[in-house]
Amino acid sequence: MLTRSIHYHATVHSARRQFLLAADLTRNPRLALRWLRTRAHHIATQLDPPHAQPLRHWLTDEAEHEHVLHRLVRGHPCTLTAYDDEARYVLHTEPTR
């Protein structure tokens with residue numbers, strides 16, 4: 001079981017700037033996965049359908065969620081990235097060392 005903290009954050013990158021949307025820490029990999037899913041849903045609802053499709057697919061992929069959980073428990077980072085015409089949205093989780 002993981003005993004270290006997991007840092008997670010969401011950023012948006014435009015051609016000129018980067019913005020931190022949210023960040024936090026947890027010691028529970030399932031809470032980190034829940035955060036990823038919640039943030040992915042929030043971003044997907046704000047994107048046009050063609051750009052939201054990869055996130056919407058990821059949100060329904062239980063096998064991928066288990067893979068993310070497995071990586072976090074083992075101490076490995078996970079990143080989920082979505083794009084639209086103006087920006088890149090990055091959701092990142094990483095156990096601290």
# chains A, B, ... in the order shown; residues from 1 in each chain; ligands from 1
$ residues_around --residues "region 49-55 of chain A" --least-positions-apart "6" --cutoff "10 Å" --atoms "only C-alpha atoms" --output "compact mmCIF listing (two decimals) with all heavy atoms, in the first residue's frame"
# COMPACT_ATOMS: atom_id res chain seq x y z
N ARG A 37 -10.90 11.70 -12.61
CA ARG A 37 -12.16 11.49 -13.32
C ARG A 37 -13.06 12.73 -13.24
O ARG A 37 -13.67 13.13 -14.24
CB ARG A 37 -12.88 10.27 -12.75
CG ARG A 37 -12.14 8.98 -13.09
CD ARG A 37 -12.77 7.80 -12.45
NE ARG A 37 -14.05 7.54 -13.11
CZ ARG A 37 -14.84 6.53 -12.79
NH1 ARG A 37 -14.52 5.70 -11.82
NH2 ARG A 37 -15.97 6.35 -13.43
N ALA A 40 -11.52 15.47 -15.44
CA ALA A 40 -11.68 15.12 -16.85
C ALA A 40 -13.12 15.38 -17.30
O ALA A 40 -13.35 15.90 -18.39
CB ALA A 40 -11.30 13.65 -17.08
N HIS A 41 -14.07 15.05 -16.45
CA HIS A 41 -15.48 15.32 -16.77
C HIS A 41 -15.72 16.82 -16.90
O HIS A 41 -16.38 17.27 -17.85
CB HIS A 41 -16.39 14.72 -15.70
CG HIS A 41 -17.81 15.06 -15.90
ND1 HIS A 41 -18.58 14.47 -16.89
CD2 HIS A 41 -18.61 15.95 -15.27
CE1 HIS A 41 -19.80 14.99 -16.84
NE2 HIS A 41 -19.84 15.88 -15.87
N HIS A 42 -15.19 17.62 -15.96
CA HIS A 42 -15.37 19.07 -16.02
C HIS A 42 -14.81 19.65 -17.32
O HIS A 42 -15.45 20.48 -17.96
CB HIS A 42 -14.70 19.75 -14.84
CG HIS A 42 -15.36 19.51 -13.54
ND1 HIS A 42 -14.76 19.79 -12.35
CD2 HIS A 42 -16.58 19.01 -13.22
CE1 HIS A 42 -15.57 19.46 -11.36
NE2 HIS A 42 -16.68 18.99 -11.86
N ILE A 43 -13.63 19.20 -17.69
CA ILE A 43 -13.02 19.71 -18.92
C ILE A 43 -13.80 19.24 -20.14
O ILE A 43 -14.08 20.02 -21.05
CB ILE A 43 -11.54 19.28 -19.00
CG1 ILE A 43 -10.74 20.03 -17.91
CG2 ILE A 43 -10.96 19.57 -20.38
CD1 ILE A 43 -9.33 19.50 -17.71
N ASP A 61 -13.80 4.13 -19.58
CA ASP A 61 -12.87 3.00 -19.71
C ASP A 61 -12.40 2.51 -18.34
O ASP A 61 -11.38 2.95 -17.82
CB ASP A 61 -11.68 3.42 -20.58
CG ASP A 61 -10.80 2.27 -20.97
OD1 ASP A 61 -10.87 1.20 -20.34
OD2 ASP A 61 -10.01 2.46 -21.92
N LEU A 80 -2.98 12.74 -18.13
CA LEU A 80 -4.06 12.71 -19.10
C LEU A 80 -4.09 14.09 -19.76
O LEU A 80 -4.13 15.10 -19.07
CB LEU A 80 -5.38 12.42 -18.38
CG LEU A 80 -6.64 12.32 -19.21
CD1 LEU A 80 -6.53 11.18 -20.21
CD2 LEU A 80 -7.84 12.09 -18.29
N THR A 81 -4.04 14.11 -21.10
CA THR A 81 -3.97 15.38 -21.83
C THR A 81 -5.09 15.45 -22.85
O THR A 81 -5.38 14.48 -23.53
CB THR A 81 -2.62 15.51 -22.54
OG1 THR A 81 -1.57 15.34 -21.59
CG2 THR A 81 -2.46 16.86 -23.20
N ALA A 82 -5.71 16.62 -22.93
CA ALA A 82 -6.75 16.89 -23.92
C ALA A 82 -6.39 18.19 -24.64
O ALA A 82 -5.72 19.06 -24.08
CB ALA A 82 -8.11 17.02 -23.25
N TYR A 83 -6.85 18.29 -25.88
CA TYR A 83 -6.54 19.45 -26.71
C TYR A 83 -7.80 20.03 -27.31
O TYR A 83 -8.76 19.32 -27.56
CB TYR A 83 -5.63 19.05 -27.88
CG TYR A 83 -4.32 18.45 -27.47
CD1 TYR A 83 -4.20 17.09 -27.23
CD2 TYR A 83 -3.20 19.25 -27.33
CE1 TYR A 83 -2.98 16.54 -26.85
CE2 TYR A 83 -1.98 18.72 -26.96
CZ TYR A 83 -1.88 17.36 -26.72
OH TYR A 83 -0.68 16.82 -26.35
N ASP A 84 -7.76 21.33 -27.56
CA ASP A 84 -8.72 21.95 -28.45
C ASP A 84 -7.94 22.90 -29.36
O ASP A 84 -6.71 22.85 -29.37
CB ASP A 84 -9.88 22.62 -27.69
CG ASP A 84 -9.50 23.86 -26.91
OD1 ASP A 84 -8.35 24.35 -27.04
OD2 ASP A 84 -10.35 24.36 -26.16
N ASP A 85 -8.62 23.74 -30.10
CA ASP A 85 -7.93 24.61 -31.05
C ASP A 85 -7.07 25.67 -30.37
O ASP A 85 -6.16 26.22 -30.99
CB ASP A 85 -8.94 25.30 -31.98
CG ASP A 85 -9.66 24.31 -32.86
OD1 ASP A 85 -9.08 23.24 -33.17
OD2 ASP A 85 -10.81 24.59 -33.24
$ select_by_dssp --residues "chain A" --states "helix (DSSP H, G or I)" --output "ChimeraX atom specification"
/A:29-46,49-59,62-73
$ write_last_selection --atoms "N, CA and C atoms" --output "compact mmCIF listing (two decimals), in the first residue's frame"
# COMPACT_ATOMS: atom_id res chain seq x y z
N PRO A 29 -4.68 6.54 -3.34
CA PRO A 29 -4.70 6.48 -4.80
C PRO A 29 -6.11 6.52 -5.39
N ARG A 30 -7.08 5.95 -4.70
CA ARG A 30 -8.46 5.99 -5.22
C ARG A 30 -9.01 7.41 -5.23
N LEU A 31 -8.64 8.22 -4.23
CA LEU A 31 -9.07 9.62 -4.24
C LEU A 31 -8.39 10.39 -5.37
N ALA A 32 -7.14 10.08 -5.66
CA ALA A 32 -6.45 10.72 -6.78
C ALA A 32 -7.14 10.35 -8.10
N LEU A 33 -7.51 9.08 -8.25
CA LEU A 33 -8.23 8.65 -9.46
C LEU A 33 -9.59 9.33 -9.54
N ARG A 34 -10.28 9.44 -8.43
CA ARG A 34 -11.58 10.13 -8.44
C ARG A 34 -11.40 11.58 -8.87
N TRP A 35 -10.34 12.22 -8.38
CA TRP A 35 -10.06 13.61 -8.77
C TRP A 35 -9.82 13.69 -10.27
N LEU A 36 -9.00 12.76 -10.81
CA LEU A 36 -8.75 12.74 -12.26
C LEU A 36 -10.05 12.62 -13.04
N ARG A 37 -10.90 11.70 -12.61
CA ARG A 37 -12.16 11.49 -13.32
C ARG A 37 -13.06 12.73 -13.24
N THR A 38 -13.13 13.33 -12.08
CA THR A 38 -13.97 14.53 -11.91
C THR A 38 -13.46 15.67 -12.77
N ARG A 39 -12.15 15.92 -12.73
CA ARG A 39 -11.58 17.00 -13.54
C ARG A 39 -11.73 16.71 -15.04
N ALA A 40 -11.52 15.47 -15.44
CA ALA A 40 -11.68 15.12 -16.85
C ALA A 40 -13.12 15.38 -17.30
N HIS A 41 -14.07 15.05 -16.45
CA HIS A 41 -15.48 15.32 -16.77
C HIS A 41 -15.72 16.82 -16.90
N HIS A 42 -15.19 17.62 -15.96
CA HIS A 42 -15.37 19.07 -16.02
C HIS A 42 -14.81 19.65 -17.32
N ILE A 43 -13.63 19.20 -17.69
CA ILE A 43 -13.02 19.71 -18.92
C ILE A 43 -13.80 19.24 -20.14
N ALA A 44 -14.19 17.97 -20.17
CA ALA A 44 -14.93 17.43 -21.32
C ALA A 44 -16.24 18.18 -21.55
N THR A 45 -16.92 18.58 -20.48
CA THR A 45 -18.19 19.29 -20.66
C THR A 45 -18.00 20.69 -21.22
N GLN A 46 -16.78 21.21 -21.16
CA GLN A 46 -16.51 22.56 -21.65
C GLN A 46 -15.92 22.58 -23.07
N PRO A 49 -17.62 18.91 -28.88
CA PRO A 49 -17.69 17.44 -28.93
C PRO A 49 -16.50 16.74 -29.57
N PRO A 50 -15.98 17.20 -30.71
CA PRO A 50 -14.83 16.47 -31.28
C PRO A 50 -13.61 16.46 -30.36
N HIS A 51 -13.38 17.56 -29.66
CA HIS A 51 -12.24 17.65 -28.77
C HIS A 51 -12.50 16.93 -27.44
N ALA A 52 -13.74 16.82 -27.06
CA ALA A 52 -14.09 16.16 -25.80
C ALA A 52 -14.12 14.64 -25.92
N GLN A 53 -14.22 14.12 -27.14
CA GLN A 53 -14.39 12.68 -27.32
C GLN A 53 -13.31 11.83 -26.65
N PRO A 54 -12.03 12.15 -26.76
CA PRO A 54 -11.03 11.31 -26.07
C PRO A 54 -11.22 11.28 -24.55
N LEU A 55 -11.57 12.42 -23.97
CA LEU A 55 -11.83 12.44 -22.52
C LEU A 55 -13.07 11.64 -22.18
N ARG A 56 -14.12 11.79 -22.97
CA ARG A 56 -15.35 11.04 -22.72
C ARG A 56 -15.10 9.53 -22.82
N HIS A 57 -14.29 9.14 -23.78
CA HIS A 57 -13.93 7.72 -23.89
C HIS A 57 -13.17 7.27 -22.64
N TRP A 58 -12.18 8.04 -22.22
CA TRP A 58 -11.40 7.69 -21.04
C TRP A 58 -12.30 7.58 -19.81
N LEU A 59 -13.27 8.45 -19.70
CA LEU A 59 -14.17 8.43 -18.54
C LEU A 59 -14.98 7.14 -18.45
N GLU A 62 -13.16 1.57 -17.76
CA GLU A 62 -12.83 1.06 -16.42
C GLU A 62 -11.47 0.37 -16.37
N ALA A 63 -11.08 -0.31 -17.45
CA ALA A 63 -9.77 -0.96 -17.48
C ALA A 63 -8.65 0.08 -17.38
N GLU A 64 -8.82 1.20 -18.03
CA GLU A 64 -7.83 2.27 -17.96
C GLU A 64 -7.78 2.86 -16.55
N HIS A 65 -8.92 2.99 -15.91
CA HIS A 65 -8.94 3.49 -14.52
C HIS A 65 -8.17 2.56 -13.60
N GLU A 66 -8.35 1.26 -13.79
CA GLU A 66 -7.60 0.29 -12.98
C GLU A 66 -6.10 0.37 -13.26
N HIS A 67 -5.75 0.62 -14.52
CA HIS A 67 -4.34 0.79 -14.88
C HIS A 67 -3.75 2.01 -14.17
N VAL A 68 -4.47 3.12 -14.16
CA VAL A 68 -4.01 4.32 -13.47
C VAL A 68 -3.85 4.04 -11.97
N LEU A 69 -4.82 3.39 -11.40
CA LEU A 69 -4.76 3.06 -9.97
C LEU A 69 -3.54 2.19 -9.68
N HIS A 70 -3.31 1.19 -10.50
CA HIS A 70 -2.15 0.30 -10.35
C HIS A 70 -0.85 1.10 -10.42
N ARG A 71 -0.75 2.01 -11.37
CA ARG A 71 0.47 2.84 -11.50
C ARG A 71 0.68 3.70 -10.26
N LEU A 72 -0.37 4.31 -9.76
CA LEU A 72 -0.24 5.17 -8.59
C LEU A 72 0.20 4.38 -7.36
N VAL A 73 -0.40 3.22 -7.17
CA VAL A 73 -0.03 2.37 -6.03
C VAL A 73 1.45 1.98 -6.12
$ residues_around --residues "Glu86 (chain A)" --least-positions-apart "2" --cutoff "10 Å" --atoms "only C-alpha atoms" --output "ChimeraX atom specification"
/A:12-15,83-84,88
$ residues_around --residues "His92 (chain A)" --least-positions-apart "3" --cutoff "8 Å" --atoms "only C-alpha atoms" --output "MDAnalysis selection string"
chainID A and resid 8:10 36 77:80
$ select_by_dssp --residues "region 27-91 of chain A" --states "strand (DSSP E)" --output "PyMOL selection string"
chain A and resi 78-83+88-91
$ write_last_selection --atoms "C-alpha atoms" --output "PDB file, in the first residue's frame"
ATOM      1  CA  CYS A  78      -0.012   9.375 -14.680  1.00  0.00           C
ATOM      2  CA  THR A  79      -0.892  12.145 -17.112  1.00  0.00           C
ATOM      3  CA  LEU A  80      -4.064  12.712 -19.103  1.00  0.00           C
ATOM      4  CA  THR A  81      -3.973  15.378 -21.826  1.00  0.00           C
ATOM      5  CA  ALA A  82      -6.748  16.889 -23.922  1.00  0.00           C
ATOM      6  CA  TYR A  83      -6.536  19.452 -26.713  1.00  0.00           C
ATOM      7  CA  ARG A  88      -3.800  21.919 -24.072  1.00  0.00           C
ATOM      8  CA  TYR A  89      -5.332  20.649 -20.813  1.00  0.00           C
ATOM      9  CA  VAL A  90      -3.110  18.489 -18.614  1.00  0.00           C
ATOM     10  CA  LEU A  91      -4.221  16.408 -15.647  1.00  0.00           C
TER      11      LEU A  91
END
$ residues_around --residues "Thr96 (chain A)" --least-positions-apart "5" --cutoff "7 Å" --atoms "only C-alpha atoms" --output "JSON, numbers by chain"
{"A": [4, 5, 6, 7]}
$ atom_distance --atom1 "CA of Leu20 (chain A)" --atom2 "CA of Pro95 (chain A)"
18.6 Å
$ atom_distance --atom1 "CA of Leu21 (chain A)" --atom2 "CA of Ala87 (chain A)"
13.1 Å
$ atom_distance --atom1 "CA of Ala23 (chain A)" --atom2 "CA of Leu47 (chain A)"
20.9 Å
